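Structure data follow from entry-v2.txt (compact mmCIF, C-alpha atoms):
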```txt
# COMPACT_ATOMS: atom_id res chain seq x y z
CA MET A 126 125.24 88.69 66.02
CA SER A 127 121.65 89.83 66.57
CA LYS A 128 119.13 89.37 63.80
CA GLN A 129 118.00 92.57 62.08
CA PRO A 130 114.30 93.40 62.25
CA LEU A 131 112.22 92.69 59.16
CA ARG A 132 111.61 95.92 57.28
CA ILE A 133 107.95 96.09 56.26
CA LEU A 134 106.44 98.67 53.95
CA TYR A 135 102.69 99.25 54.05
CA LEU A 136 101.21 100.81 50.91
CA ILE A 137 97.82 102.50 51.17
CA ASP A 138 95.90 104.38 48.48
CA PHE A 139 94.48 107.13 50.65
CA TRP A 140 94.78 108.33 54.20
CA ALA A 141 92.73 111.46 54.55
CA SER A 142 90.52 110.67 57.53
CA PRO A 143 90.27 108.28 60.49
CA GLY A 144 88.36 105.54 58.70
CA GLY A 145 88.34 101.85 59.58
CA THR A 146 91.27 100.79 57.41
CA GLU A 147 93.29 103.78 58.51
CA ARG A 148 92.67 103.00 62.19
CA HIS A 149 93.58 99.36 61.58
CA LEU A 150 96.87 100.30 59.92
CA SER A 151 97.68 102.79 62.66
CA TYR A 152 97.07 100.16 65.34
CA LEU A 153 99.16 97.58 63.49
CA THR A 154 102.19 99.76 62.76
CA THR A 155 102.36 101.30 66.23
CA HIS A 156 102.06 97.99 68.12
CA LEU A 157 104.37 95.66 66.20
CA ASP A 158 107.38 94.46 68.17
CA ARG A 159 110.19 96.80 67.05
CA GLN A 160 112.85 94.26 67.88
CA ARG A 161 111.39 92.01 65.20
CA PHE A 162 109.76 94.42 62.73
CA GLN A 163 110.52 97.88 61.40
CA PRO A 164 107.38 99.33 59.76
CA ALA A 165 107.09 102.19 57.29
CA VAL A 166 104.07 103.54 55.39
CA VAL A 167 103.77 105.09 51.93
CA ILE A 168 100.52 106.91 51.18
CA PHE A 169 99.45 107.73 47.63
CA ASN A 170 96.78 110.28 48.60
CA TYR A 171 97.33 111.99 51.94
CA GLN A 172 95.74 114.74 53.99
CA PRO A 173 96.94 115.60 57.51
CA ASN A 174 95.17 113.70 60.28
CA THR A 175 95.77 112.57 63.84
CA LEU A 176 96.28 108.89 63.04
CA VAL A 177 99.30 109.68 60.89
CA ASP A 178 100.55 112.05 63.58
CA ASN A 179 100.25 109.24 66.14
CA ALA A 180 102.11 106.80 63.89
CA LYS A 181 104.94 109.28 63.35
CA ALA A 182 105.12 109.96 67.09
CA ALA A 183 105.53 106.22 67.63
CA GLY A 184 108.54 106.19 65.31
CA VAL A 185 106.85 104.93 62.15
CA GLU A 186 108.22 106.48 58.97
CA VAL A 187 105.30 107.83 56.94
CA VAL A 188 105.93 109.18 53.43
CA HIS A 189 103.57 110.72 50.89
CA ILE A 190 104.26 109.77 47.28
CA PRO A 191 101.36 111.34 45.35
CA VAL A 192 99.89 109.03 42.74
CA ALA A 193 96.60 109.89 41.06
CA ARG A 194 95.98 107.82 37.93
CA TYR A 195 98.45 104.98 37.97
CA TYR A 196 98.73 104.73 34.16
CA THR A 197 100.07 108.26 33.46
CA PRO A 198 103.64 109.56 32.90
CA HIS A 199 103.42 111.22 36.33
CA ALA A 200 102.68 107.85 37.92
CA LEU A 201 105.77 106.42 36.22
CA MET A 202 107.89 109.16 37.80
CA GLN A 203 106.37 108.40 41.19
CA ALA A 204 107.04 104.71 40.63
CA VAL A 205 110.74 105.56 40.39
CA LYS A 206 110.49 107.34 43.76
CA LEU A 207 108.76 104.34 45.30
CA TYR A 208 111.33 101.99 43.77
CA ARG A 209 114.19 104.01 45.28
CA PHE A 210 112.45 104.18 48.65
CA ILE A 211 112.13 100.41 48.72
CA ARG A 212 115.72 99.80 47.64
CA GLN A 213 117.26 102.35 50.01
CA ARG A 214 115.46 100.87 53.03
CA ASP A 215 116.03 97.25 52.06
CA ILE A 216 112.32 96.44 52.39
CA GLY A 217 111.76 92.72 52.87
CA LEU A 218 107.95 92.59 52.81
CA VAL A 219 105.26 94.83 51.34
CA GLN A 220 101.63 94.78 52.45
CA THR A 221 99.07 96.60 50.31
CA PHE A 222 95.71 98.19 51.09
CA HIS A 223 93.19 99.13 48.38
CA TYR A 224 93.17 98.73 44.63
CA LYS A 225 95.99 101.03 43.48
CA SER A 226 98.38 99.63 46.06
CA ASP A 227 97.38 96.07 45.17
CA ILE A 228 98.18 96.60 41.48
CA TYR A 229 100.56 99.52 40.90
CA GLY A 230 102.26 99.25 44.28
CA ALA A 231 102.74 95.48 44.10
CA VAL A 232 104.30 95.67 40.62
CA VAL A 233 106.76 98.38 41.68
CA ALA A 234 107.64 96.40 44.81
CA LYS A 235 108.31 93.24 42.82
CA VAL A 236 110.48 95.12 40.30
CA ALA A 237 112.38 96.62 43.25
CA GLY A 238 113.21 93.12 44.44
CA VAL A 239 110.80 92.69 47.35
CA ARG A 240 110.57 88.97 48.08
CA HIS A 241 107.21 88.91 49.88
CA ILE A 242 104.00 90.74 48.93
CA VAL A 243 100.80 90.53 50.97
CA ALA A 244 97.45 91.97 49.85
CA SER A 245 94.96 93.06 52.52
CA LYS A 246 91.33 92.65 51.55
CA ARG A 247 89.03 94.80 53.64
CA ASP A 248 85.55 94.57 52.13
CA ALA A 249 83.25 92.34 50.11
CA ALA A 250 84.09 94.14 46.84
CA ASP A 251 80.44 94.81 45.98
CA TYR A 252 81.46 97.92 44.03
CA LYS A 253 84.41 96.36 42.24
CA SER A 254 84.10 96.23 38.46
CA ALA A 255 84.92 93.25 36.30
CA PHE A 256 87.97 95.14 35.03
CA ARG A 257 89.32 95.49 38.55
CA PHE A 258 88.84 91.81 39.25
CA PHE A 259 90.72 91.14 36.01
CA MET A 260 93.59 93.38 37.13
CA HIS A 261 93.76 91.60 40.48
CA LYS A 262 94.02 88.29 38.68
CA LEU A 263 96.98 89.66 36.67
CA VAL A 264 98.99 90.40 39.84
CA ARG A 265 98.00 87.14 41.53
CA PRO A 266 101.30 85.42 40.55
CA ILE A 267 103.39 88.07 42.35
CA THR A 268 101.15 88.22 45.45
CA ASP A 269 102.37 85.66 47.96
CA ARG A 270 99.61 85.85 50.54
CA TYR A 271 96.22 87.47 51.10
CA ILE A 272 94.84 88.68 54.41
CA ALA A 273 91.04 88.69 54.55
CA VAL A 274 89.40 90.66 57.30
CA SER A 275 86.51 88.19 57.57
CA GLU A 276 85.39 84.80 56.33
CA VAL A 277 82.99 86.51 53.92
CA VAL A 278 85.84 88.49 52.38
CA ALA A 279 87.94 85.33 52.14
CA ALA A 280 85.15 83.72 50.13
CA VAL A 281 85.16 86.68 47.72
CA ILE A 282 88.90 86.30 47.18
CA ARG A 283 88.52 82.58 46.48
CA ASN A 284 85.49 82.81 44.25
CA LYS A 285 85.99 86.07 42.34
CA GLU A 286 89.76 86.50 42.25
CA LYS A 287 90.35 82.73 41.99
CA VAL A 288 92.97 82.68 44.73
CA SER A 289 93.84 79.31 46.25
CA ALA A 290 92.56 78.86 49.79
CA HIS A 291 96.04 78.02 51.13
CA LYS A 292 97.22 81.54 50.23
CA ILE A 293 94.49 83.24 52.30
CA SER A 294 94.66 83.99 56.02
CA VAL A 295 91.66 85.39 57.88
CA ILE A 296 92.76 87.94 60.47
CA HIS A 297 89.95 89.86 62.10
CA ASN A 298 90.42 93.45 63.19
CA GLY A 299 91.36 94.09 66.79
CA VAL A 300 90.59 96.89 69.22
CA ASP A 301 92.85 98.33 71.89
CA LEU A 302 90.94 97.36 75.03
CA ILE A 303 93.08 99.61 77.21
CA ASN A 304 91.62 102.64 75.44
CA TYR A 305 87.98 101.58 75.79
CA ALA A 306 86.20 101.38 79.12
CA VAL A 307 82.63 100.48 80.06
CA PRO A 308 81.10 103.58 81.72
CA ASP A 309 79.08 103.19 84.91
CA ALA A 310 75.55 104.60 85.13
CA GLN A 311 76.67 107.95 86.50
CA ARG A 312 79.28 108.48 83.80
CA LYS A 313 76.84 107.42 81.07
CA GLY A 314 74.31 109.95 82.36
CA GLU A 315 76.94 112.69 82.30
CA LEU A 316 77.90 111.86 78.72
CA LYS A 317 74.24 111.94 77.67
CA GLN A 318 73.84 115.37 79.26
CA ALA A 319 76.94 116.60 77.42
CA LEU A 320 75.03 115.85 74.19
CA GLY A 321 72.03 117.83 75.41
CA PHE A 322 69.97 114.77 76.36
CA ALA A 323 68.53 113.74 79.71
CA SER A 324 70.44 111.14 81.70
CA ASP A 325 67.49 108.71 81.47
CA ASP A 326 66.89 109.07 77.73
CA TYR A 327 67.14 105.92 75.60
CA VAL A 328 70.09 106.76 73.34
CA ILE A 329 70.84 104.84 70.16
CA GLY A 330 73.89 105.53 68.02
CA MET A 331 75.84 104.64 64.92
CA SER A 332 79.35 105.63 63.89
CA ALA A 333 79.84 105.20 60.14
CA TRP A 334 80.73 107.28 57.14
CA PHE A 335 77.75 108.84 55.40
CA ARG A 336 77.77 106.79 52.22
CA PRO A 337 74.83 105.07 50.52
CA GLU A 338 75.93 101.55 51.44
CA LYS A 339 75.86 102.36 55.18
CA ASP A 340 72.06 102.86 54.95
CA HIS A 341 71.58 105.64 57.48
CA GLN A 342 68.08 105.98 56.04
CA LEU A 343 67.10 102.57 57.40
CA LEU A 344 68.13 103.58 60.91
CA LEU A 345 66.45 106.98 60.67
CA ASP A 346 63.17 105.52 59.44
CA ALA A 347 63.18 102.89 62.19
CA PHE A 348 64.06 105.54 64.78
CA ILE A 349 61.18 107.82 63.78
CA GLU A 350 58.79 104.88 64.08
CA LEU A 351 60.36 103.96 67.44
CA CYS A 352 59.63 107.44 68.81
CA GLY A 353 55.92 106.62 68.60
CA PHE A 354 56.50 103.86 71.16
CA VAL A 355 59.43 105.34 73.10
CA PRO A 356 59.06 109.13 73.45
CA ARG A 357 62.43 109.39 75.23
CA ALA A 358 64.32 107.79 72.33
CA ARG A 359 67.29 109.77 71.03
CA LEU A 360 69.76 109.15 68.21
CA VAL A 361 73.45 110.01 67.75
CA LEU A 362 75.09 109.74 64.31
CA ILE A 363 78.88 109.98 64.22
CA GLY A 364 80.93 110.43 61.07
CA ASN A 365 81.23 112.46 57.90
CA GLY A 366 81.06 111.72 54.21
CA PRO A 367 79.37 112.64 50.93
CA MET A 368 75.82 112.30 52.30
CA PHE A 369 76.37 114.19 55.54
CA ASP A 370 74.80 117.44 54.32
CA HIS A 371 71.88 115.55 52.80
CA TYR A 372 70.99 114.09 56.16
CA ARG A 373 71.65 117.33 58.00
CA HIS A 374 68.98 119.00 55.84
CA TRP A 375 66.74 115.95 56.08
CA ILE A 376 66.77 116.12 59.89
CA ALA A 377 66.31 119.89 59.97
CA ASP A 378 63.39 119.77 57.52
CA ARG A 379 61.58 117.37 59.84
CA ARG A 380 62.44 119.38 62.95
CA LEU A 381 64.18 116.44 64.58
CA ASP A 382 67.17 118.39 65.88
CA ASP A 383 66.03 117.97 69.47
CA ARG A 384 66.03 114.17 69.11
CA ILE A 385 68.95 113.55 66.75
CA ARG A 386 72.56 114.67 67.11
CA LEU A 387 74.71 114.75 63.97
CA VAL A 388 78.20 114.76 65.44
CA GLY A 389 80.35 114.73 62.30
CA ALA A 390 83.89 113.35 62.16
CA VAL A 391 85.68 113.13 65.50
CA ASP A 392 89.21 112.17 66.50
CA ASP A 393 87.97 110.45 69.65
CA VAL A 394 84.72 108.49 69.41
CA ARG A 395 84.78 107.24 73.01
CA PRO A 396 82.75 110.01 74.73
CA PHE A 397 79.97 109.53 72.21
CA LEU A 398 79.93 105.75 72.46
CA GLY A 399 79.85 106.06 76.23
CA ALA A 400 76.57 107.99 76.03
CA LEU A 401 74.79 105.20 74.14
CA ASP A 402 72.47 102.50 75.42
CA VAL A 403 72.41 100.61 72.11
CA ALA A 404 74.68 100.78 69.06
CA CYS A 405 73.88 99.93 65.45
CA LEU A 406 75.67 99.30 62.18
CA VAL A 407 73.20 98.53 59.38
CA PRO A 408 74.94 98.54 55.98
CA ARG A 409 73.20 97.05 52.99
CA MET A 410 76.39 96.02 51.14
CA ASN A 411 80.19 96.17 50.89
CA GLU A 412 81.17 95.59 54.51
CA GLY A 413 84.32 93.75 55.54
CA PHE A 414 84.80 93.53 59.30
CA SER A 415 84.02 96.73 61.11
CA ASN A 416 86.38 98.36 63.59
CA SER A 417 83.38 100.44 64.57
CA VAL A 418 81.49 97.38 65.80
CA LEU A 419 84.46 96.27 67.88
CA GLU A 420 84.76 99.71 69.47
CA LYS A 421 81.09 99.60 70.40
CA MET A 422 81.49 96.14 71.87
CA ALA A 423 84.57 97.24 73.84
CA THR A 424 82.47 100.06 75.32
CA GLY A 425 80.03 97.45 76.62
CA LEU A 426 77.14 98.02 74.23
CA PRO A 427 74.60 95.64 72.76
CA VAL A 428 74.94 95.96 68.99
CA ILE A 429 72.37 95.56 66.22
CA VAL A 430 73.94 94.81 62.83
CA THR A 431 72.81 93.70 59.40
CA ASP A 432 74.01 90.39 58.01
CA ILE A 433 76.58 91.94 55.68
CA GLY A 434 80.29 91.11 55.50
CA GLY A 435 81.77 89.98 58.78
CA ASN A 436 79.16 91.59 61.03
CA LYS A 437 77.80 88.24 62.20
CA GLU A 438 81.34 87.10 62.99
CA ALA A 439 81.56 89.94 65.53
CA VAL A 440 77.98 89.95 66.82
CA ALA A 441 76.50 86.65 67.94
CA ASP A 442 72.75 86.92 67.38
CA GLY A 443 70.90 86.91 70.69
CA GLU A 444 74.10 86.92 72.76
CA ASN A 445 75.73 90.34 72.51
CA GLY A 446 73.19 91.87 70.17
CA PHE A 447 71.11 91.05 67.13
CA VAL A 448 71.80 90.28 63.49
CA ILE A 449 69.04 91.29 61.06
CA ALA A 450 68.56 91.13 57.31
CA PRO A 451 69.75 94.14 55.29
CA GLY A 452 67.02 96.73 54.80
CA ASP A 453 64.64 95.09 57.29
CA GLN A 454 63.13 98.10 59.03
CA HIS A 455 60.54 96.01 60.87
CA ALA A 456 63.22 93.79 62.43
CA LEU A 457 65.36 96.79 63.38
CA LEU A 458 62.41 98.47 65.07
CA ALA A 459 61.52 95.27 66.92
CA ARG A 460 65.07 94.81 68.22
CA LEU A 461 65.30 98.44 69.33
CA ARG A 462 62.03 98.05 71.21
CA THR A 463 63.17 94.81 72.82
CA LEU A 464 66.36 96.38 74.11
CA HIS A 465 64.40 99.34 75.48
CA ASP A 466 61.71 97.26 77.17
CA ASP A 467 63.93 94.51 78.59
CA ASP A 468 66.57 96.05 80.86
CA SER A 469 67.96 92.67 81.88
CA ALA A 470 68.50 91.59 78.26
CA ARG A 471 70.18 94.88 77.44
CA GLU A 472 72.51 94.58 80.45
CA ARG A 473 73.31 90.93 79.70
CA MET A 474 74.17 91.69 76.08
CA ALA A 475 76.26 94.69 77.13
CA ARG A 476 78.37 92.46 79.40
CA GLU A 477 78.72 89.80 76.72
CA SER A 478 79.87 92.41 74.17
CA ARG A 479 82.82 93.39 76.31
CA GLN A 480 83.65 89.79 77.19
CA ARG A 481 83.40 88.67 73.56
CA VAL A 482 85.77 91.34 72.29
CA GLU A 483 88.21 90.48 75.08
CA ARG A 484 88.12 86.80 74.08
CA LEU A 485 88.26 87.12 70.33
CA PHE A 486 89.11 90.58 69.03
CA SER A 487 91.84 92.19 71.09
CA LEU A 488 94.42 94.40 69.43
CA GLN A 489 97.17 92.19 70.79
CA ALA A 490 95.69 89.11 69.12
CA MET A 491 95.37 90.91 65.77
CA VAL A 492 98.96 92.15 65.87
CA GLN A 493 100.27 88.72 66.91
CA ARG A 494 98.47 87.01 64.02
CA HIS A 495 100.10 89.41 61.58
CA ALA A 496 103.50 88.85 63.20
CA ASP A 497 103.05 85.08 62.96
CA LEU A 498 102.16 85.36 59.28
CA TYR A 499 105.17 87.58 58.52
CA GLN A 500 107.52 85.17 60.27
CA SER A 501 106.07 82.13 58.52
CA MET A 502 106.63 83.83 55.15
CA THR A 503 110.19 84.98 55.84
CA ARG A 504 111.47 82.03 57.89
CA THR A 505 113.73 80.72 55.13
CA ASP A 506 115.08 84.11 53.98
CA ALA A 507 118.20 83.98 56.14
CA LYS A 508 119.14 80.61 54.63
CA ALA A 509 118.59 81.69 51.04
```
Can the structure in the file be given as structure tokens, please?
Amino acid sequence: MSKQPLRILYLIDFWASPGGTERHLSYLTTHLDRQRFQPAVVIFNYQPNTLVDNAKAAGVEVVHIPVARYYTPHALMQAVKLYRFIRQRDIGLVQTFHYKSDIYGAVVAKVAGVRHIVASKRDAADYKSAFRFFMHKLVRPITDRYIAVSEVVAAVIRNKEKVSAHKISVIHNGVDLINYAVPDAQRKGELKQALGFASDDYVIGMSAWFRPEKDHQLLLDAFIELCGFVPRARLVLIGNGPMFDHYRHWIADRRLDDRIRLVGAVDDVRPFLGALDVACLVPRMNEGFSNSVLEKMATGLPVIVTDIGGNKEAVADGENGFVIAPGDQHALLARLRTLHDDDSARERMARESRQRVERLFSLQAMVQRHADLYQSMTRTDAKA
């Protein structure tokens, strides 16, 4: 008699756009071995998007159970729906993403009889209030394991949520290398021209949501200063978010539209990454381990990052890019100038980026580490 696949339910607070956590969950659910695992996803706040469409097309059951405030009568009614969903599908393991799923979702799962609960921690919790840390400590006894996306995040879980180290597994994000190619010089020139730039322009880019912690202002200020040294410098900013309109007006007011492209949210970032010579991610706080950095590395780009979260675990300073202090405009400018002036260094770091992501951060490795964790947790279930 063949063993039935483990039924896993992933709970996520919101899935309204193709952000880093959403891409990670899409990759994970669509690439797990279906002979061993049967994944499903419940979303508490959902808006249609291509990642969910892709997951459904791959046979993943995705259900929207709307939950706003988790302490209202409406949330209690939705908890009954979630309870029934779990019981009807005989869910054996629940993995949570974000605060509401970690607390509300984990409690419902435990009441429904789920034997194994895993909490995914995706950032350094710089915005988390003391009350939220308190709530996480309350559900610690029913949370079997924690997955930290970086060593920095693991330290936060140990020190602020007081979780024992043996319950924490660090699993870095992974990128699907098949979907990312390193463009040759001709293709890169064509992609630059598609953005309205010249094929020999020096193009810098960042893909990140427009939120204060991502510090787009640091990159913009360094870029404007760079233009005084490198007249052919150009900048591409990919993403959307609450500060998008602010920066759109900021760029227009300074008449920088000919040098800076605000792309907005895109379903496919690859044509824009392919046009870049250098990529950046310069947050000042609250970073976990960026999928965006891995995508840039997989495209064969030298990457400049700030020393926040797991950035320095992805980028080895001086090897496939540079790691600078948060908010250090002088260092950012210096590194951008170095990569412009030294073609050989830029090419060497570009090669190392691709090789490093192949060695350490493949999608297959990320999925396998999750599968290994699931099996280690459920190994004795059949005997119980």
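Between atom CA of Ser469 of chain A and atom CA of Asp453 of chain A lies a distance of 24.9 Å.
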Can you build me a table of segment 209-320 of chain A residues sitting at most 12 Å from segment 426-429 of chain A, with the closest atom pair per residue and its distance in Å to one decimal, using only C-alpha atoms, sorted by chain and residue number, as a Markdown table?
```
| residue | atom | partner | partner_atom | distance |
| --- | --- | --- | --- | --- |
| A:Tyr305 | CA | A:Leu426 | CA | 11.5 |
| A:Ala306 | CA | A:Leu426 | CA | 10.8 |
| A:Val307 | CA | A:Leu426 | CA | 8.4 |
| A:Pro308 | CA | A:Leu426 | CA | 10.1 |
| A:Lys313 | CA | A:Leu426 | CA | 11.6 |
```
Counting all atoms listed in the file, the residue of A:Trp334, A:Phe414, A:Phe447, A:Tyr372 that sits nearest Phe486 of chain A: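 Checking each of A:Trp334, A:Phe414, A:Phe447, A:Tyr372 against Phe486 of chain A, counting all atoms listed in the file, the winner is A:Phe414.
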Distance of atom CA of Val274 of chain A from atom CA of Arg476 of chain A, expressed in Å to one decimal place: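 Separation of atom CA of Arg476 of chain A and atom CA of Val274 of chain A: 24.8 Å.
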I'd like the contact shell of Ile303 of chain A - 12 Å cut-off, only C-alpha atoms, skipping same-chain residues fewer than 3 positions apart - returned as a PyMOL selection string. chain A and resi 299-300+306-307+420+423-424+483+487-489
Determine, counting all atoms listed in the file, which protein, DNA and RNA residues have an atom within 9 Å of an atom of segment 173-184 of chain A; residues of the same chain fewer than 5 positions away are not included. Present the result as a ChimeraX atom specification. /A:140-143,147-148,151-152,154-156,164,392
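In this structure, atom CA of Tyr499 of chain A sits 29.1 Å away from atom CA of Ile433 of chain A.
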Extract, using all atoms listed in the file, all DNA, RNA and protein residues at most 6 Å from Glu338 of chain A, discarding same-chain residues fewer than 2 positions from it, and format them as a list in words. Arg336, Asp340, Pro408, Arg409 and Met410 of chain A
Of the candidates A:Phe162, A:Ala496, A:Leu362, A:Lys285, which shows the shortest atom-to-atom distance to Ser254 of chain A, using all atoms listed in the file? A:Lys285
Neighbour list for Val361 of chain A as a ChimeraX atom specification, cut-off 6 Å, all atoms listed in the file, skip fewer than 4 positions in-chain: /A:330,385-386
